[in-house]
Each structure stands twice: as C-alpha cells, then as structure tokens.
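Structure below is target.cif: mmCIF, C-alpha atoms.
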```
data_model
loop_
_atom_site.label_atom_id
_atom_site.label_comp_id
_atom_site.auth_asym_id
_atom_site.auth_seq_id
_atom_site.Cartn_x
_atom_site.Cartn_y
_atom_site.Cartn_z
CA MET A 1 -177.39 52.99 138.77
CA ILE A 2 -175.75 56.23 137.70
CA ILE A 3 -172.62 56.10 135.58
CA ASP A 4 -170.23 58.53 137.13
CA LEU A 5 -167.17 58.76 134.93
CA PRO A 6 -163.98 59.97 136.58
CA ALA A 7 -162.99 63.51 135.70
CA VAL A 8 -160.52 64.34 132.97
CA ARG A 9 -156.92 64.41 134.13
CA GLU A 10 -153.85 65.99 132.61
CA LEU A 11 -150.59 64.19 132.03
CA SER A 12 -147.92 65.81 134.16
CA GLU A 13 -145.42 67.93 132.26
CA GLN A 14 -142.66 65.53 133.24
CA ARG A 15 -144.55 62.49 132.05
CA ARG A 16 -145.61 64.21 128.85
CA ALA A 17 -142.00 65.08 128.07
CA GLN A 18 -140.84 61.52 128.78
CA ILE A 19 -143.46 60.01 126.52
CA LEU A 20 -142.81 62.46 123.72
CA GLN A 21 -139.09 61.86 123.93
CA ALA A 22 -139.60 58.10 123.78
CA VAL A 23 -141.90 58.33 120.79
CA THR A 24 -139.68 60.66 118.81
CA ALA A 25 -136.69 58.50 119.59
CA GLU A 26 -138.59 55.51 118.31
CA THR A 27 -139.56 57.18 115.08
CA GLY A 28 -135.89 57.51 114.32
CA SER A 29 -136.00 61.19 113.51
CA ALA A 30 -134.96 62.86 116.72
CA ARG A 31 -132.63 60.04 117.61
CA PHE A 32 -130.41 60.72 114.68
CA GLY A 33 -131.20 64.40 114.25
CA GLY A 34 -129.27 65.12 117.43
CA ALA A 35 -126.01 63.77 116.11
CA ARG A 36 -123.33 66.36 116.36
CA ARG A 37 -120.40 64.61 114.85
CA ARG A 38 -118.52 66.88 112.60
CA VAL A 39 -117.78 64.79 109.61
CA ALA A 40 -117.07 66.30 106.28
CA ILE A 41 -119.65 65.45 103.72
CA THR A 42 -118.49 64.03 100.49
CA ALA A 43 -120.39 66.08 98.02
CA GLY A 44 -121.75 64.59 94.90
CA VAL A 45 -119.61 64.99 91.91
CA ALA A 46 -120.64 67.96 89.89
CA VAL A 47 -121.01 66.79 86.40
CA GLY A 48 -119.50 69.19 83.97
CA LEU A 49 -121.96 70.75 81.71
CA THR A 50 -119.61 70.37 78.84
CA ALA A 51 -119.90 66.63 79.16
CA LEU A 52 -123.54 66.92 78.41
CA GLY A 53 -123.14 69.18 75.50
CA THR A 54 -125.13 72.31 75.22
CA GLY A 55 -128.37 72.71 77.07
CA ALA A 56 -131.12 75.08 77.96
CA ALA A 57 -130.40 77.62 80.63
CA ALA A 58 -132.81 75.93 83.00
CA ALA A 59 -131.07 72.63 82.60
CA VAL A 60 -127.76 74.29 83.23
CA ASP A 61 -129.09 75.72 86.44
CA LYS A 62 -130.24 72.27 87.60
CA LEU A 63 -127.01 70.50 86.95
CA GLN A 64 -124.59 72.95 88.48
CA ALA A 65 -123.48 72.09 91.95
CA ARG A 66 -125.50 74.10 94.45
CA PRO A 67 -124.79 74.93 98.05
CA VAL A 68 -127.26 73.95 100.74
CA THR A 69 -129.25 76.98 101.81
CA ASN A 70 -132.03 75.29 103.78
CA THR A 71 -130.53 73.86 106.94
CA GLN A 72 -133.86 73.15 108.65
CA THR A 73 -134.13 69.62 107.40
CA ALA A 74 -132.43 67.04 105.24
CA ARG A 75 -133.57 63.78 103.70
CA CYS A 76 -132.09 60.32 103.74
CA TYR A 77 -133.46 58.37 100.78
CA SER A 78 -133.57 54.59 100.69
CA GLU A 79 -134.17 54.44 96.95
CA VAL A 80 -133.29 56.57 93.94
CA VAL A 81 -136.85 57.85 93.69
CA LEU A 82 -137.60 61.49 94.30
CA GLY A 83 -141.23 61.02 95.39
CA HIS A 84 -143.78 63.78 95.74
CA GLY A 85 -143.80 66.36 98.51
CA GLY A 86 -143.43 64.63 101.83
CA ASP A 87 -144.06 61.22 100.30
CA PHE A 88 -140.69 59.73 99.48
CA PRO A 89 -138.76 56.53 100.26
CA GLY A 90 -136.66 57.14 103.36
CA THR A 91 -136.85 59.59 106.19
CA SER A 92 -136.22 63.20 107.11
CA ILE A 93 -133.69 64.21 109.66
CA SER A 94 -134.07 67.28 111.77
CA GLN A 95 -133.51 68.36 115.32
CA ALA A 96 -136.20 68.17 117.93
CA GLY A 97 -136.98 71.31 119.83
CA THR A 98 -133.49 72.66 119.73
CA SER A 99 -131.79 75.33 117.76
CA ARG A 100 -131.31 74.35 114.19
CA GLY A 101 -128.13 75.13 112.40
CA PRO A 102 -125.67 74.27 109.71
CA ALA A 103 -124.13 71.50 111.79
CA GLN A 104 -127.10 69.36 110.93
CA VAL A 105 -126.44 69.67 107.24
CA ARG A 106 -122.78 69.03 107.65
CA ASP A 107 -123.75 65.83 109.44
CA ALA A 108 -126.35 64.73 106.93
CA LEU A 109 -124.25 62.24 105.02
CA ASP A 110 -122.91 60.76 108.22
CA VAL A 111 -126.32 60.55 109.85
CA CYS A 112 -127.79 58.87 106.78
CA ALA A 113 -124.89 56.42 106.74
CA SER A 114 -125.68 55.68 110.39
CA LEU A 115 -129.29 54.89 109.49
CA TRP A 116 -128.09 52.44 106.83
CA ALA A 117 -125.54 50.90 109.18
CA ALA A 118 -128.22 50.39 111.82
CA GLY A 119 -130.55 48.74 109.32
CA ILE A 120 -133.15 51.48 109.71
CA LEU A 121 -132.81 52.30 106.04
CA GLN A 122 -132.74 49.28 103.78
CA ALA A 123 -132.53 48.97 100.03
CA GLY A 124 -135.92 48.36 98.46
CA ASN A 125 -137.80 49.39 101.60
CA PRO A 126 -139.45 52.81 101.28
CA SER A 127 -140.15 53.05 105.01
CA VAL A 128 -137.84 53.16 107.96
CA VAL A 129 -137.45 49.85 109.77
CA ASN A 130 -138.27 50.41 113.42
CA HIS A 131 -137.01 47.09 114.67
CA PRO A 132 -134.11 46.15 112.44
CA ALA A 133 -132.38 42.84 112.89
CA SER A 134 -128.96 43.07 114.45
CA GLY A 135 -126.24 43.97 111.99
CA PRO A 136 -124.02 44.24 110.23
CA HIS A 137 -125.98 46.09 107.56
CA VAL A 138 -124.60 47.22 104.27
CA VAL A 139 -124.02 50.93 103.80
CA PRO A 140 -124.23 51.65 100.09
CA SER A 141 -122.36 54.37 98.27
CA LEU A 142 -124.09 57.59 99.16
CA VAL A 143 -124.25 60.79 97.23
CA ALA A 144 -125.30 64.24 98.44
CA CYS A 145 -127.61 66.38 96.33
CA THR A 146 -129.26 69.73 96.88
CA MET A 147 -133.02 69.80 96.58
CA ARG A 148 -134.86 72.61 94.84
CA ASP A 149 -135.77 74.12 98.21
CA GLY A 150 -132.08 74.26 99.07
CA SER A 151 -132.10 71.36 101.54
CA ALA A 152 -129.76 68.39 101.46
CA ALA A 153 -130.82 64.98 100.17
CA ILE A 154 -128.68 61.89 100.50
CA PHE A 155 -129.30 59.09 98.01
CA PRO A 156 -127.83 55.63 97.61
CA GLY A 157 -126.17 55.43 94.24
CA PRO A 158 -123.29 56.49 92.05
CA SER A 159 -122.04 60.01 91.64
CA ASP A 160 -124.33 60.82 88.72
CA THR A 161 -127.47 60.08 90.75
CA CYS A 162 -128.28 63.74 91.38
CA VAL A 163 -128.13 64.54 87.70
CA ARG A 164 -130.27 61.56 86.78
CA LEU A 165 -132.90 62.84 89.19
CA GLY A 166 -132.68 66.36 87.85
CA LEU A 167 -131.13 67.65 91.04
CA ALA A 168 -127.99 69.62 91.59
CA PRO A 169 -125.10 67.87 93.27
CA MET A 170 -124.32 69.44 96.58
CA ALA A 171 -121.60 72.05 96.28
CA ALA A 172 -118.47 71.29 98.19
CA SER A 173 -118.77 74.66 99.92
CA SER A 174 -121.81 73.33 101.79
CA THR A 175 -119.68 70.85 103.61
CA THR A 176 -117.01 73.05 105.02
CA ASN A 177 -117.04 74.32 108.52
CA MET B 1 -144.16 79.47 111.36
CA ASP B 2 -146.61 79.92 114.22
CA TRP B 3 -146.79 76.31 115.31
CA ASP B 4 -149.45 76.78 117.96
CA ALA B 5 -151.78 78.52 115.52
CA ALA B 6 -151.29 75.99 112.72
CA SER B 7 -154.12 73.57 112.05
CA ASP B 8 -153.65 69.87 112.62
CA GLU B 9 -153.86 69.36 108.89
CA ASP B 10 -151.07 71.83 108.21
CA LEU B 11 -148.92 70.32 110.93
CA TRP B 12 -149.53 66.80 109.77
CA HIS B 13 -148.26 67.61 106.31
CA LEU B 14 -144.98 68.63 107.93
CA VAL B 15 -144.61 65.44 109.94
CA GLY B 16 -141.87 63.59 108.16
CA GLN B 17 -140.35 66.80 106.88
CA GLU B 18 -140.25 69.13 109.88
CA ALA B 19 -141.08 66.04 111.85
CA ASP B 20 -140.02 66.91 115.30
CA ARG B 21 -141.57 70.31 115.87
CA ALA B 22 -144.79 69.57 114.00
CA PHE B 23 -145.20 66.22 115.72
CA GLU B 24 -144.41 67.73 119.11
CA THR B 25 -147.10 70.37 118.61
CA LEU B 26 -149.67 67.74 117.66
CA PHE B 27 -148.68 65.65 120.65
CA THR B 28 -149.00 68.58 123.03
CA ARG B 29 -152.37 69.49 121.55
CA HIS B 30 -153.99 66.06 121.82
CA ALA B 31 -152.14 64.01 124.41
CA THR B 32 -154.60 64.80 127.19
CA ALA B 33 -157.62 63.78 125.15
CA VAL B 34 -155.95 60.54 124.07
CA TYR B 35 -154.80 59.88 127.65
CA ASN B 36 -158.31 60.20 129.06
CA HIS B 37 -159.89 58.23 126.24
CA CYS B 38 -157.46 55.38 126.83
CA PHE B 39 -158.07 55.48 130.57
CA ARG B 40 -161.79 55.20 130.05
CA ARG B 41 -161.27 52.22 127.76
CA THR B 42 -158.87 50.38 130.05
CA GLY B 43 -159.51 51.61 133.59
CA SER B 44 -155.83 52.14 134.34
CA TRP B 45 -153.98 55.45 134.31
CA SER B 46 -150.59 53.78 133.95
CA VAL B 47 -151.79 51.67 131.03
CA ALA B 48 -153.25 54.84 129.53
CA GLU B 49 -149.81 56.46 129.69
CA ASP B 50 -148.32 53.56 127.76
CA LEU B 51 -151.15 53.75 125.30
CA VAL B 52 -150.55 57.45 124.67
CA SER B 53 -147.06 56.59 123.51
CA ILE B 54 -148.31 53.69 121.39
CA VAL B 55 -151.09 55.77 119.83
CA PHE B 56 -148.74 58.56 118.82
CA LEU B 57 -146.14 56.15 117.51
CA ARG B 58 -148.80 54.37 115.47
CA ALA B 59 -150.07 57.74 114.28
CA TRP B 60 -146.58 58.64 113.12
CA GLN B 61 -146.22 55.32 111.34
CA MET B 62 -149.65 55.74 109.73
CA ARG B 63 -149.19 59.44 109.04
CA ARG B 64 -149.97 59.09 105.37
CA GLN B 65 -153.32 57.50 106.17
CA VAL B 66 -154.55 60.17 108.57
CA ARG B 67 -158.19 61.20 108.21
CA PHE B 68 -159.10 64.72 109.25
CA SER B 69 -162.50 65.76 110.46
CA GLY B 70 -162.57 69.40 109.53
CA ALA B 71 -158.97 70.22 110.20
CA SER B 72 -158.69 68.16 113.36
CA ALA B 73 -156.80 64.90 113.72
CA LEU B 74 -158.26 64.15 117.16
CA PRO B 75 -161.11 61.89 116.03
CA TRP B 76 -158.65 59.81 114.02
CA LEU B 77 -156.24 59.67 116.96
CA LEU B 78 -159.03 58.37 119.18
CA ALA B 79 -159.85 55.74 116.56
CA VAL B 80 -156.20 54.69 116.58
CA GLY B 81 -156.56 54.63 120.37
CA ASN B 82 -159.55 52.30 120.15
CA ASN B 83 -157.49 49.69 118.35
CA ALA B 84 -154.51 50.16 120.64
CA CYS B 85 -156.69 49.76 123.73
CA ARG B 86 -158.38 46.69 122.34
CA ASN B 87 -155.07 45.06 121.51
CA PHE B 88 -153.08 46.41 124.40
CA GLU B 89 -151.33 43.19 125.31
CA ARG B 90 -150.27 42.62 121.74
CA SER B 91 -149.29 46.28 121.45
CA GLN B 92 -147.19 45.94 124.59
CA ARG B 93 -145.23 43.11 123.05
CA ARG B 94 -144.88 44.85 119.71
CA HIS B 95 -143.81 48.13 121.26
CA HIS B 96 -141.66 46.74 124.02
CA ARG B 97 -138.71 48.90 123.02
CA LEU B 98 -140.81 52.05 123.00
CA LEU B 99 -142.27 51.34 126.42
CA SER B 100 -138.89 50.50 127.85
CA ARG B 101 -137.70 53.94 126.78
CA ILE B 102 -140.23 55.61 129.03
CA ALA B 103 -138.73 55.97 132.43
CA GLU B 104 -140.75 54.92 135.43
CA PRO B 105 -142.50 57.92 136.90
CA GLU B 106 -140.73 59.30 139.90
CA GLU B 107 -142.63 59.11 143.12
CA VAL B 108 -142.56 62.86 143.46
CA ALA B 109 -144.28 63.29 140.10
CA ASP B 110 -147.73 63.04 141.61
CA PRO B 111 -148.63 64.41 145.04
CA SER B 112 -150.18 61.82 147.29
CA TRP B 113 -153.65 63.24 146.88
CA VAL B 114 -153.37 62.82 143.13
CA VAL B 115 -152.23 59.24 143.57
CA ASP B 116 -155.21 58.61 145.85
CA ALA B 117 -157.56 60.24 143.38
CA LYS B 118 -156.23 58.10 140.54
CA VAL B 119 -156.71 54.96 142.59
CA ASP B 120 -160.27 56.07 143.25
CA ASP B 121 -160.78 56.74 139.52
CA GLU B 122 -159.64 53.23 138.69
CA ARG B 123 -161.89 51.71 141.32
CA ARG B 124 -164.86 53.59 139.90
CA MET B 125 -164.06 52.60 136.32
CA GLY B 126 -164.12 48.88 137.14
CA PRO B 127 -167.90 48.29 137.08
CA ILE B 128 -168.38 50.82 134.28
CA LEU B 129 -166.00 48.84 132.09
CA VAL B 130 -167.77 45.61 132.93
CA ALA B 131 -170.94 47.17 131.56
CA LEU B 132 -169.15 48.67 128.56
CA ARG B 133 -167.64 45.33 127.60
CA SER B 134 -171.06 43.77 127.37
CA LEU B 135 -171.38 45.79 124.16
CA ASN B 136 -169.76 44.65 120.96
CA ALA B 137 -166.55 46.34 119.84
CA ARG B 138 -168.18 48.65 117.31
CA GLU B 139 -170.74 49.81 119.85
CA GLN B 140 -168.00 50.42 122.41
CA ASP B 141 -166.09 52.54 119.91
CA VAL B 142 -168.96 54.78 118.98
CA LEU B 143 -170.22 55.17 122.54
CA THR B 144 -166.85 56.04 124.04
CA MET B 145 -166.04 58.46 121.23
CA CYS B 146 -169.37 60.28 121.15
CA ASP B 147 -170.68 60.09 124.71
CA TRP B 148 -167.47 59.86 126.67
CA ALA B 149 -164.97 61.79 124.58
CA GLY B 150 -167.50 64.29 123.28
CA LEU B 151 -167.01 63.85 119.54
CA SER B 152 -169.81 64.87 117.22
CA TYR B 153 -171.52 62.23 115.10
CA ALA B 154 -169.78 63.65 112.05
CA ASP B 155 -166.34 63.47 113.68
CA ALA B 156 -166.93 59.88 114.79
CA ALA B 157 -168.16 58.98 111.31
CA VAL B 158 -164.97 60.27 109.70
CA ALA B 159 -162.73 58.57 112.24
CA LEU B 160 -164.52 55.23 112.07
CA GLU B 161 -165.07 55.42 108.32
CA ILE B 162 -168.78 54.80 108.56
CA PRO B 163 -171.78 56.93 107.53
CA VAL B 164 -173.19 59.41 110.02
CA GLY B 165 -176.47 57.52 109.99
CA THR B 166 -174.65 54.40 111.09
CA VAL B 167 -173.07 56.32 113.96
CA ARG B 168 -176.51 57.42 115.08
CA SER B 169 -178.10 53.99 114.93
CA ARG B 170 -175.11 52.26 116.45
CA LEU B 171 -174.93 54.80 119.27
CA SER B 172 -178.63 54.42 119.95
CA ARG B 173 -178.22 50.67 120.25
CA ALA B 174 -175.12 51.07 122.39
CA ARG B 175 -176.88 53.39 124.81
CA GLN B 176 -179.80 51.02 125.09
CA ARG B 177 -177.59 48.04 125.75
CA LEU B 178 -175.45 49.95 128.21
CA ARG B 179 -178.57 51.07 129.99
CA GLY B 180 -179.56 47.45 130.33
CA ALA B 181 -176.10 46.49 131.48
CA VAL B 182 -175.95 49.04 134.25
CA GLY B 183 -179.49 48.25 135.28
CA ASP B 184 -180.54 51.86 135.40
CA SER B 185 -184.20 52.19 134.67
CA HIS B 186 -184.50 55.78 135.78
CA ALA B 187 -181.87 57.67 133.86
CA SER B 188 -180.26 56.99 130.53
CA PRO B 189 -176.53 56.32 130.77
CA GLU B 190 -175.62 59.18 128.49
CA GLU B 191 -177.70 61.61 130.53
CA ALA B 192 -176.18 60.31 133.70
CA ILE B 193 -172.70 60.63 132.28
CA ARG B 194 -173.22 64.10 130.94
CA SER B 195 -174.66 65.33 134.21
CA LYS B 196 -171.84 63.94 136.29
CA ARG B 197 -168.65 64.21 134.35
CA LYS B 198 -166.54 67.18 133.55
CA PRO B 199 -167.13 67.62 129.81
CA VAL B 200 -164.23 66.44 127.75
CA ALA B 201 -164.94 69.07 125.13
CA ALA B 202 -164.24 71.82 127.62
CA ASP B 203 -160.89 70.33 128.44
CA ILE B 204 -159.52 69.88 124.99
CA GLY B 205 -160.76 73.04 123.41
CA PRO B 206 -163.36 73.74 120.80
CA GLY B 207 -160.88 73.53 117.97
CA ASP B 208 -160.30 69.89 118.66
CA LEU B 209 -163.89 68.92 118.15
CA LYS B 210 -164.72 70.77 114.96
#
```

In structure tokens, how does this file's structure come out?
Amino acid sequence: MIIDLPAVRELSEQRRAQILQAVTAETGSARFGGARRRVAITAGVAVGLTALGTGAAAAVDKLQARPVTNTQTARCYSEVVLGHGGDFPGTSISQAGTSRGPAQVRDALDVCASLWAAGILQAGNPSVVNHPASGPHVVPSLVACTMRDGSAAIFPGPSDTCVRLGLAPMAASSTTN
Amino acid sequence: MDWDAASDEDLWHLVGQEADRAFETLFTRHATAVYNHCFRRTGSWSVAEDLVSIVFLRAWQMRRQVRFSGASALPWLLAVGNNACRNFERSQRRHHRLLSRIAEPEEVADPSWVVDAKVDDERRMGPILVALRSLNAREQDVLTMCDWAGLSYADAAVALEIPVGTVRSRLSRARQRLRGAVGDSHASPEEAIRSKRKPVAADIGPGDLK
C-alpha cells in the first residue's frame, strides 16, 4: 500500500481574511483599536516640580508633562506596574491594517475605559480576559501618562501614578483635536 | 519597517505592541503550512480552517512562550497545531466565540472543481489517518512534523522540546509502526509519501524551515 498524501492547498484570500479578522477581534486588540469615538482624554495631572523641591535635570525632564509623539500604539495597563519591554500587565491598542493617526491616541483613555467596562481588563489580572463574565464591571480611575518612547499609557490609579512610575503625565495638548 | 522582510523572531517581539501588523504578517506567512498540517491530522479541510484560527489565537495567547527554531516560529506553530488537533472537540467548545465570528464560506469561494478535489482529498486521508492513529501521540507528532510537514529533526526537536536524538529514534519507530499499519512491505511509508506528495517545504518557502 502506498501512502499518497493529498497535495498542499492554499486558503483562499477571502477565507484567510475572515479567519485573521476573527482572530484579531478575539485577541481584543483590533476590536478596540478601531474605535473612532472622539472623546477628550483627561490628562494626568502634571505635578509641579516645586512641590517636589529641587531635583536633578533628568528628574525634572521625567516629571514634566509631555505630549504624545508616538501615535502608533498605546497601552492599557491593568496594574500600576511598568513591566519590561513588551511584557507588561494589560494590553496594547493599535489599529489593524489601516492608517494610523492621532485619533487613536485621542481615544486611548476611552478605549482603555471600554476594556475595563467590558471586563477584559481586570484589577490584579496581568492578562486580558478573553471571555469575561457579563457585567457590570468596575472602571477604576484612569490616568494618562506618556511613555519614554512618546506613546500613551493609561494606568488605573490616582493622578500621581505617572510620577510614581517615573513617567511624565500626558500633556493636555496631546488630547486636543 | 519592512514587515515582509522581518524575521519571525523580530515580528513576534512586536506582537502585543504593534500587535496587528506584526501578527497579520506572521499569519500570512504561516497560515498555509498550519492549514495543511491540520488537514493532515484531521482529514477535514473545514475543520482545518477552524483549527487555523484556534492555532493562531493560542499562539497569540502564548506569545511569551514562543520557541524559535533559528528565527522561524513555524515549528512551534505546528506543535501548537498538534495539541489543537488532538483536542479539537474541546477546543471547539472553548473557542466557540472565535469560531462563531468566522463567517460561513460563500458557495462561490471555491469553484466546483476545487470542492470536488477537497472531497477527494478527505476521502483519501481517511485510511491514512486510521493508520496514523495506530501510533501513539508522540509518534504521530514527530512523524507528521518531519515526514509530512517537512521539518528538519532540529526544528522538530525545538518545537517538541525534546533532544534531536529522541526525534530520530521516535521517528524511526513511528515509520516502522506506520509501515506495519499500512501493510506495505515493498516501500517505506516515508519514501512513498515523499515520492507522491508535493513537498511542503517548496510551498512554504525555505525561510520557514530553517
């Protein structure tokens, strides 16, 4: 008996696109990255340097409110832990296969709030929850910071969270249209 | 960034940061290989489609545990596929929402001759799978990855987290048992397969197998 395996077949373009769309929707990134609601972001409160006394120039640079300059991606954190590189509690938000632009950053706080409201982000859980129980889910106080690469990061916590993490609060100018 | 030129390893580090574009590129690069591997493990093209989605979702969820062979993620994706194929019914239940997101293929998606050919493929896979399933799970994994999907021993070793020597010995046993199962005393199964099938390696590109 000869084993005659069927030949390799390609997925059709249409089917490939459907599967990819379903998977990315399920991961929670593309699903929320496409949000286009124009909601003003409440920027983190810039803590006055004078309140901290004098400091080194580097520290001053960290604590001043900074505008978002990297609009390619933003992060929704589920814990007040910065993490290392791509390993952090929470998820990134970005837009799948479409033009990327400032609208995404303007939406960041709202999109992250949506993830909390849907139960996809939960306090104490470093990963996204793919099958959250039906709500309502608590949306904590959120604060917007600017990462060192210029991207937005949304943390649960009080207004001094950015400073405690050594990050700059997001400048209010980042949130305007 | 030149996404198409980026290695799997570089792309994978961006999944979760530049998730969508990096993940899309990895999907486009390896979906066909995963699709065919899953078909050959299940004997159904439609089940294989579902499994492609499950494998890539699992890969995304396990993205921090990925093991690269060289710079390729394909061997690891096929290993994820092995588990998904083995536990398909359970995977179906667990990933019900994912599968429900995938629209039913339209009838015009495949010309009738393709539909006929797929039916013929499935008919031919039936007895082959009966023989394959007479092997234990570990033997099935190594045989389908090395002989059917064209992975090197080293790639399979990385993906399965076993020494290369174990791949060799396990594959040797698997071939012998498969030979017995198919009742072929004149040609070894792997020789028969290689002489008849269109090589997988040629379809997925040399970069995928290094």

Problem set entry | Chain and number of each residue from the PyMOL selection byres ((chain A) within 8 of (chain B)), as JSON, numbers by chain | {"A": [1, 2, 3, 4, 5, 6, 7, 8, 9, 10, 11, 12, 14, 15, 16, 18, 19, 20, 22, 23, 24, 26, 27, 29, 30, 72, 73, 86, 91, 92, 93, 94, 95, 96, 97]}

For this session: Do a neighbour search on Phe88 in chain A at 12 Å with all atoms listed in the file, toss out local chain neighbours closer than 5 positions, and write the hits as a PyMOL selection string.
Result: (chain A and resi 75-83+125-128+153+155) or (chain B and resi 16-17+64)

Given the file above and the PyMOL selection byres ((chain A and resi 69) around 10), which residues are selected, and can you give them as a CSV table (one decimal) with C-alpha atoms, in the frame of the given file?
```
chain,number,residue,atom,x,y,z
A,66,ARG,CA,-125.5,74.1,94.4
A,67,PRO,CA,-124.8,74.9,98.0
A,68,VAL,CA,-127.3,74.0,100.7
A,70,ASN,CA,-132.0,75.3,103.8
A,71,THR,CA,-130.5,73.9,106.9
A,72,GLN,CA,-133.9,73.2,108.6
A,102,PRO,CA,-125.7,74.3,109.7
A,105,VAL,CA,-126.4,69.7,107.2
A,146,THR,CA,-129.3,69.7,96.9
A,147,MET,CA,-133.0,69.8,96.6
A,148,ARG,CA,-134.9,72.6,94.8
A,149,ASP,CA,-135.8,74.1,98.2
A,150,GLY,CA,-132.1,74.3,99.1
A,151,SER,CA,-132.1,71.4,101.5
A,152,ALA,CA,-129.8,68.4,101.5
A,174,SER,CA,-121.8,73.3,101.8
```

For this session: Name the residues in contact with Ala73 in chain B at a cut-off of 10 Å, using all atoms listed in the file, excluding same-chain residues fewer than 2 positions from it; report them as a PyMOL selection string.
Result: chain B and resi 7-9+11-12+26+30+59+66-71+75-78+155+159+208-210

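Excluding Ala156 in chain B itself and any same-chain residue fewer than 3 positions from it, the protein and nucleic acid residues within 7 Å of it, counting all atoms listed in the file, are Pro75, Val142, Met145, Cys146, Leu151, Ser152, Tyr153, Ala159 and Leu160 of chain B.
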
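For the structure shown here, the set of residues caught by the PyMOL selection byres ((chain A and resi 160-162) around 8) is Gly44, Val45, Val47, Val80, Val143, Ala144, Cys145, Phe155, Gly157, Pro158, Ser159, Val163, Arg164, Leu165, Gly166, Leu167, Ala168 and Pro169 of chain A.
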
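Our summary of the geometry notes that CA of Arg41 in chain B is positioned 8.3 Å from CA of Arg86 in chain B.
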
For this session: Enter the distance from CA of Asn87 in chain B to CA of Arg63 in chain B, in Å, rounded to one decimal.
Result: 19.9 Å

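Separating CA of Leu143 in chain B from CA of Val47 in chain B is a distance of 20.6 Å.
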
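If only C-alpha atoms are the atoms counted, then among B:Ser44, B:Gln140, B:Ser72, B:Gln176 the closest residue to Arg29 in chain B is B:Ser72.
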
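When all atoms listed in the file are used to compute distances to Asp141 in chain B, the closest of the residues B:Ala157, B:Leu74, B:Met62, B:Ala79 turns out to be B:Ala79.
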
If I wrap all listed atoms of range 164-168 of chain B in a box with edges along x, y and z and add 4 Å on each side, what are its centre and edge lengths in Å to one decimal, as JSON?
```
{"center_x": -174.8, "center_y": 56.9, "center_z": 112.5, "size_x": 11.4, "size_y": 13.0, "size_z": 13.1}
```

For this session: Show which residues sit within 6 Å of range 114-119 of chain A, as a list of chain:residue names. Count all atoms listed in the file, and ignore same-chain residues fewer than 5 positions away.
Result: A:Pro132, A:His137, A:Val139

Mind dumping the selected residues with C-alpha atoms as a PDB file, in the coordinates of the input?
```pdb
ATOM      1  CA  PRO A 132    -134.110  46.150 112.440  1.00  0.00           C
ATOM      2  CA  HIS A 137    -125.980  46.090 107.560  1.00  0.00           C
ATOM      3  CA  VAL A 139    -124.020  50.930 103.800  1.00  0.00           C
TER       4      VAL A 139
END
```

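Of the residues listed (B:Ile162, B:Val167, B:Val80, B:Val115), B:Val80 shows the shortest atom-to-atom separation from Val34 in chain B; distances use all atoms listed in the file.
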
Problem set entry | All residues 10 Å or closer to Ser134 in chain B, only C-alpha atoms, same chain fewer than 2 positions away omitted, as an NGL selection string | :B and (129-132 or 136-137 or 139-140 or 174 or 177-178 or 180-182)
